[in-house]
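Undergrad: The structure's right below; bear with me while I get my questions together.
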Amino acid sequence: QKEVEQNSGPLSVPEGAIASLNCTYSDRGSQSFFWYRQYSGKSPELIMFIYSNGDKEDGRFTAQLNKASQYVSLLIRDSQPSDSATYLCAVGYSGYSTLTFGKGTMLLVSP
Amino acid sequence: ETGVTQTPRHLVMGMTNKKSLKCEQHLGHNAMYWYKQSAKKPLELMFVYSLEERVENNSVPSRFSPECPNSSHLFLHLHTLQPEDSALYLCASSQDFRGGSVDTQYFGPGTRLTVL
């Protein structure tokens with residue numbers, strides 16, 4: 001059974017701080033990792049994906065992957081109140097575009 | 001219209017009704033997905049279609065019946081639903097289903113379904 005675990009939160013950070021969101025997965029065969037943001041009542045929207053060990057940066061967002069530890073994280077620098085949302089971690093397996101999602105971590109950024 | 005669209009956005013139905021959810025993608029993708037999102041649960045994959053062929057069905061009750069007439073359209077036909085089926089139903093699409101890497105999935109806005 002493939003599992004993706006996330007702390008449900010809420011994770012509360014002040015505006016301007018770095019928010020760190022974490023995700024662990026059970027299947028060592030996992031090869032693709034996605035972070036989606038979901039505002040309340042809305043659908044998930046893709047923030048980033050990462051395939052290789054290490055860091056990947058896109059603007060204020062950095063995804064970090066450590067396959068040995070089966071751990072993927074998302075850092076949000078200079079957090080803004082508009083970043084307040086639920087962040088979903090999703091894991092994919094080579095050859096098929098089927099994703100397994102975590103339950104999501106709610107992030108609250110206070111002004 | 002761009003991206004992935006879904007209609008209706010909200011639906012209230014009784015347990016004896018029959019209704020259909022519609023999804024349309026304007027991205028030129030070959031794969032389409034139905035997900036169910038319930039409170040405090042992860043997104044649950046229900047069905048996957050690749051080039052109009054159903055490739056995955058995750059033990060979904062038969063009261064949910066998908067249809068994919070072409071690579072741009074996906075339907076979810078609903079009949080004799082239960083109150084526990086109330087949820088947000090999301091459609092997604094990706095470039096392909098099978099390939100050397102996992103394609104990014106893009107989601108529609110969802111249909112909020114309430115079963116009375």
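As shown in the structure tokens, the chain order sets the letters A, B, ...; within each chain, residues go from 1, and ligands are also counted from 1 in the order they appear.
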Would you list the contacts of stretch 85-89 of chain A as a compact mmCIF listing (two decimals) with N, CA, C and O atoms, in the first residue's frame, taking every protein, DNA or RNA residue within 7 Å and counting only C-alpha atoms, but skipping same-chain residues closer than 6 positions in sequence?
TA:
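out_34.txt written:
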```txt
# COMPACT_ATOMS: atom_id res chain seq x y z
N CYS A 23 6.81 16.06 3.96
CA CYS A 23 6.04 14.94 3.42
C CYS A 23 6.94 13.71 3.40
O CYS A 23 8.12 13.80 3.01
N PHE A 34 5.24 15.96 -6.33
CA PHE A 34 4.52 17.17 -6.70
C PHE A 34 4.00 17.87 -5.45
O PHE A 34 3.59 17.22 -4.50
N TRP A 35 4.01 19.17 -5.50
CA TRP A 35 3.36 19.97 -4.48
C TRP A 35 2.23 20.77 -5.13
O TRP A 35 2.45 21.47 -6.11
N TYR A 36 1.04 20.61 -4.55
CA TYR A 36 -0.13 21.36 -4.99
C TYR A 36 -0.59 22.26 -3.85
O TYR A 36 -0.50 21.90 -2.68
N ARG A 37 -1.14 23.39 -4.20
CA ARG A 37 -1.75 24.30 -3.23
C ARG A 37 -3.25 24.28 -3.46
O ARG A 37 -3.72 24.36 -4.61
N GLN A 38 -4.00 24.22 -2.38
CA GLN A 38 -5.45 24.21 -2.49
C GLN A 38 -6.05 25.21 -1.52
O GLN A 38 -5.96 25.03 -0.31
N TYR A 39 -6.65 26.24 -2.07
CA TYR A 39 -7.38 27.19 -1.25
C TYR A 39 -8.73 26.58 -0.89
O TYR A 39 -9.26 25.74 -1.61
N SER A 40 -9.27 27.03 0.24
CA SER A 40 -10.53 26.49 0.72
C SER A 40 -11.62 26.60 -0.34
O SER A 40 -11.86 27.68 -0.90
N PHE A 101 -1.82 10.93 -3.11
CA PHE A 101 -1.81 12.21 -2.41
C PHE A 101 -1.77 12.01 -0.90
O PHE A 101 -2.34 11.06 -0.37
N GLY A 102 -1.12 12.95 -0.21
CA GLY A 102 -1.25 13.04 1.23
C GLY A 102 -2.52 13.81 1.57
O GLY A 102 -3.20 14.36 0.70
N LYS A 103 -2.82 13.88 2.87
CA LYS A 103 -4.04 14.57 3.30
C LYS A 103 -3.87 16.08 3.25
O LYS A 103 -4.85 16.81 3.29
N GLY A 104 -2.62 16.54 3.17
CA GLY A 104 -2.39 17.97 3.09
C GLY A 104 -2.06 18.60 4.43
O GLY A 104 -2.46 18.10 5.49
N THR A 105 -1.29 19.67 4.37
CA THR A 105 -0.95 20.47 5.55
C THR A 105 -1.54 21.86 5.37
O THR A 105 -1.31 22.52 4.35
N MET A 106 -2.31 22.29 6.37
CA MET A 106 -2.86 23.64 6.31
C MET A 106 -1.83 24.64 6.81
O MET A 106 -1.25 24.46 7.90
N LEU A 107 -1.58 25.64 6.02
CA LEU A 107 -0.65 26.71 6.37
C LEU A 107 -1.43 27.99 6.62
O LEU A 107 -2.26 28.38 5.81
N LEU A 108 -1.14 28.62 7.76
CA LEU A 108 -1.75 29.91 8.08
C LEU A 108 -0.64 30.94 8.24
O LEU A 108 0.25 30.76 9.08
```
Undergrad: So which residues of stretch 22-70 of chain A fall under strand (DSSP E) by DSSP, listed as a ChimeraX atom specification?
TA: /A:22-25,30-38,45-50,54-58,61-66
Undergrad: List as JSON lines every residue of chain A that is in contact with chain B, defined as an atom at most 7 Å from one of its atoms (using only C-alpha atoms), together with the nearest atom pair and the distance in Å rounded to one decimal, sorted by chain and then rising number.
TA:
```
{"residue": "A:Ser32", "atom": "CA", "partner": "B:Val102", "partner_atom": "CA", "distance": 6.3}
{"residue": "A:Lys42", "atom": "CA", "partner": "B:Pro109", "partner_atom": "CA", "distance": 6.2}
{"residue": "A:Ser43", "atom": "CA", "partner": "B:Pro109", "partner_atom": "CA", "distance": 5.0}
{"residue": "A:Pro44", "atom": "CA", "partner": "B:Phe107", "partner_atom": "CA", "distance": 6.3}
{"residue": "A:Glu45", "atom": "CA", "partner": "B:Phe107", "partner_atom": "CA", "distance": 6.9}
{"residue": "A:Gly92", "atom": "CA", "partner": "B:Val102", "partner_atom": "CA", "distance": 6.2}
{"residue": "A:Tyr93", "atom": "CA", "partner": "B:Val102", "partner_atom": "CA", "distance": 6.7}
{"residue": "A:Ser94", "atom": "CA", "partner": "B:Ser101", "partner_atom": "CA", "distance": 5.6}
{"residue": "A:Gly95", "atom": "CA", "partner": "B:Gly99", "partner_atom": "CA", "distance": 4.8}
{"residue": "A:Tyr96", "atom": "CA", "partner": "B:Arg98", "partner_atom": "CA", "distance": 4.7}
{"residue": "A:Ser97", "atom": "CA", "partner": "B:Val102", "partner_atom": "CA", "distance": 4.6}
{"residue": "A:Phe101", "atom": "CA", "partner": "B:Pro42", "partner_atom": "CA", "distance": 5.8}
{"residue": "A:Gly102", "atom": "CA", "partner": "B:Pro42", "partner_atom": "CA", "distance": 5.4}
{"residue": "A:Lys103", "atom": "CA", "partner": "B:Pro42", "partner_atom": "CA", "distance": 4.1}
```
Undergrad: Write the selection just made, keeping N, CA, C and O atoms, as a JSON list (two decimals), in the first residue's frame?
TA:
```
[["chain", "number", "residue", "atom", "x", "y", "z"],
["A", 32, "SER", "N", 8.51, 10.57, -8.80],
["A", 32, "SER", "CA", 8.09, 11.94, -9.12],
["A", 32, "SER", "C", 7.31, 12.50, -7.96],
["A", 32, "SER", "O", 6.48, 11.81, -7.37],
["A", 42, "LYS", "N", -11.59, 25.45, -3.28],
["A", 42, "LYS", "CA", -11.07, 25.48, -4.65],
["A", 42, "LYS", "C", -10.38, 24.16, -4.98],
["A", 42, "LYS", "O", -10.24, 23.29, -4.14],
["A", 43, "SER", "N", -9.96, 24.04, -6.23],
["A", 43, "SER", "CA", -9.28, 22.82, -6.65],
["A", 43, "SER", "C", -7.76, 22.97, -6.47],
["A", 43, "SER", "O", -7.25, 24.08, -6.37],
["A", 44, "PRO", "N", -7.04, 21.86, -6.43],
["A", 44, "PRO", "CA", -5.58, 21.94, -6.30],
["A", 44, "PRO", "C", -4.93, 22.58, -7.52],
["A", 44, "PRO", "O", -5.34, 22.33, -8.65],
["A", 45, "GLU", "N", -3.92, 23.38, -7.26],
["A", 45, "GLU", "CA", -3.14, 23.97, -8.35],
["A", 45, "GLU", "C", -1.67, 23.62, -8.13],
["A", 45, "GLU", "O", -1.17, 23.67, -7.00],
["A", 92, "GLY", "N", 4.37, 10.13, -7.48],
["A", 92, "GLY", "CA", 4.09, 9.33, -8.66],
["A", 92, "GLY", "C", 5.14, 8.25, -8.87],
["A", 92, "GLY", "O", 6.23, 8.29, -8.30],
["A", 93, "TYR", "N", 4.79, 7.29, -9.73],
["A", 93, "TYR", "CA", 5.62, 6.11, -9.93],
["A", 93, "TYR", "C", 5.93, 5.97, -11.40],
["A", 93, "TYR", "O", 5.08, 6.19, -12.25],
["A", 94, "SER", "N", 7.16, 5.62, -11.67],
["A", 94, "SER", "CA", 7.65, 5.63, -13.04],
["A", 94, "SER", "C", 6.75, 4.87, -13.99],
["A", 94, "SER", "O", 6.33, 3.76, -13.70],
["A", 95, "GLY", "N", 6.49, 5.49, -15.12],
["A", 95, "GLY", "CA", 5.77, 4.79, -16.16],
["A", 95, "GLY", "C", 4.28, 5.05, -16.18],
["A", 95, "GLY", "O", 3.65, 4.88, -17.21],
["A", 96, "TYR", "N", 3.73, 5.48, -15.05],
["A", 96, "TYR", "CA", 2.29, 5.71, -15.00],
["A", 96, "TYR", "C", 2.01, 7.03, -14.30],
["A", 96, "TYR", "O", 2.62, 7.32, -13.28],
["A", 97, "SER", "N", 1.09, 7.80, -14.83],
["A", 97, "SER", "CA", 0.79, 9.11, -14.24],
["A", 97, "SER", "C", -0.27, 9.01, -13.16],
["A", 97, "SER", "O", -1.17, 9.84, -13.09],
["A", 101, "PHE", "N", -1.82, 10.93, -3.11],
["A", 101, "PHE", "CA", -1.81, 12.21, -2.41],
["A", 101, "PHE", "C", -1.77, 12.01, -0.90],
["A", 101, "PHE", "O", -2.34, 11.06, -0.37],
["A", 102, "GLY", "N", -1.12, 12.95, -0.21],
["A", 102, "GLY", "CA", -1.25, 13.04, 1.23],
["A", 102, "GLY", "C", -2.52, 13.81, 1.57],
["A", 102, "GLY", "O", -3.20, 14.36, 0.70],
["A", 103, "LYS", "N", -2.82, 13.88, 2.87],
["A", 103, "LYS", "CA", -4.04, 14.57, 3.30],
["A", 103, "LYS", "C", -3.87, 16.08, 3.25],
["A", 103, "LYS", "O", -4.85, 16.81, 3.29]]
```
Undergrad: To one decimal place, how far is atom CA of B:Arg9 from atom CA of A:Gly41 in Å?
TA: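 These two atoms are separated by 10.9 Å.
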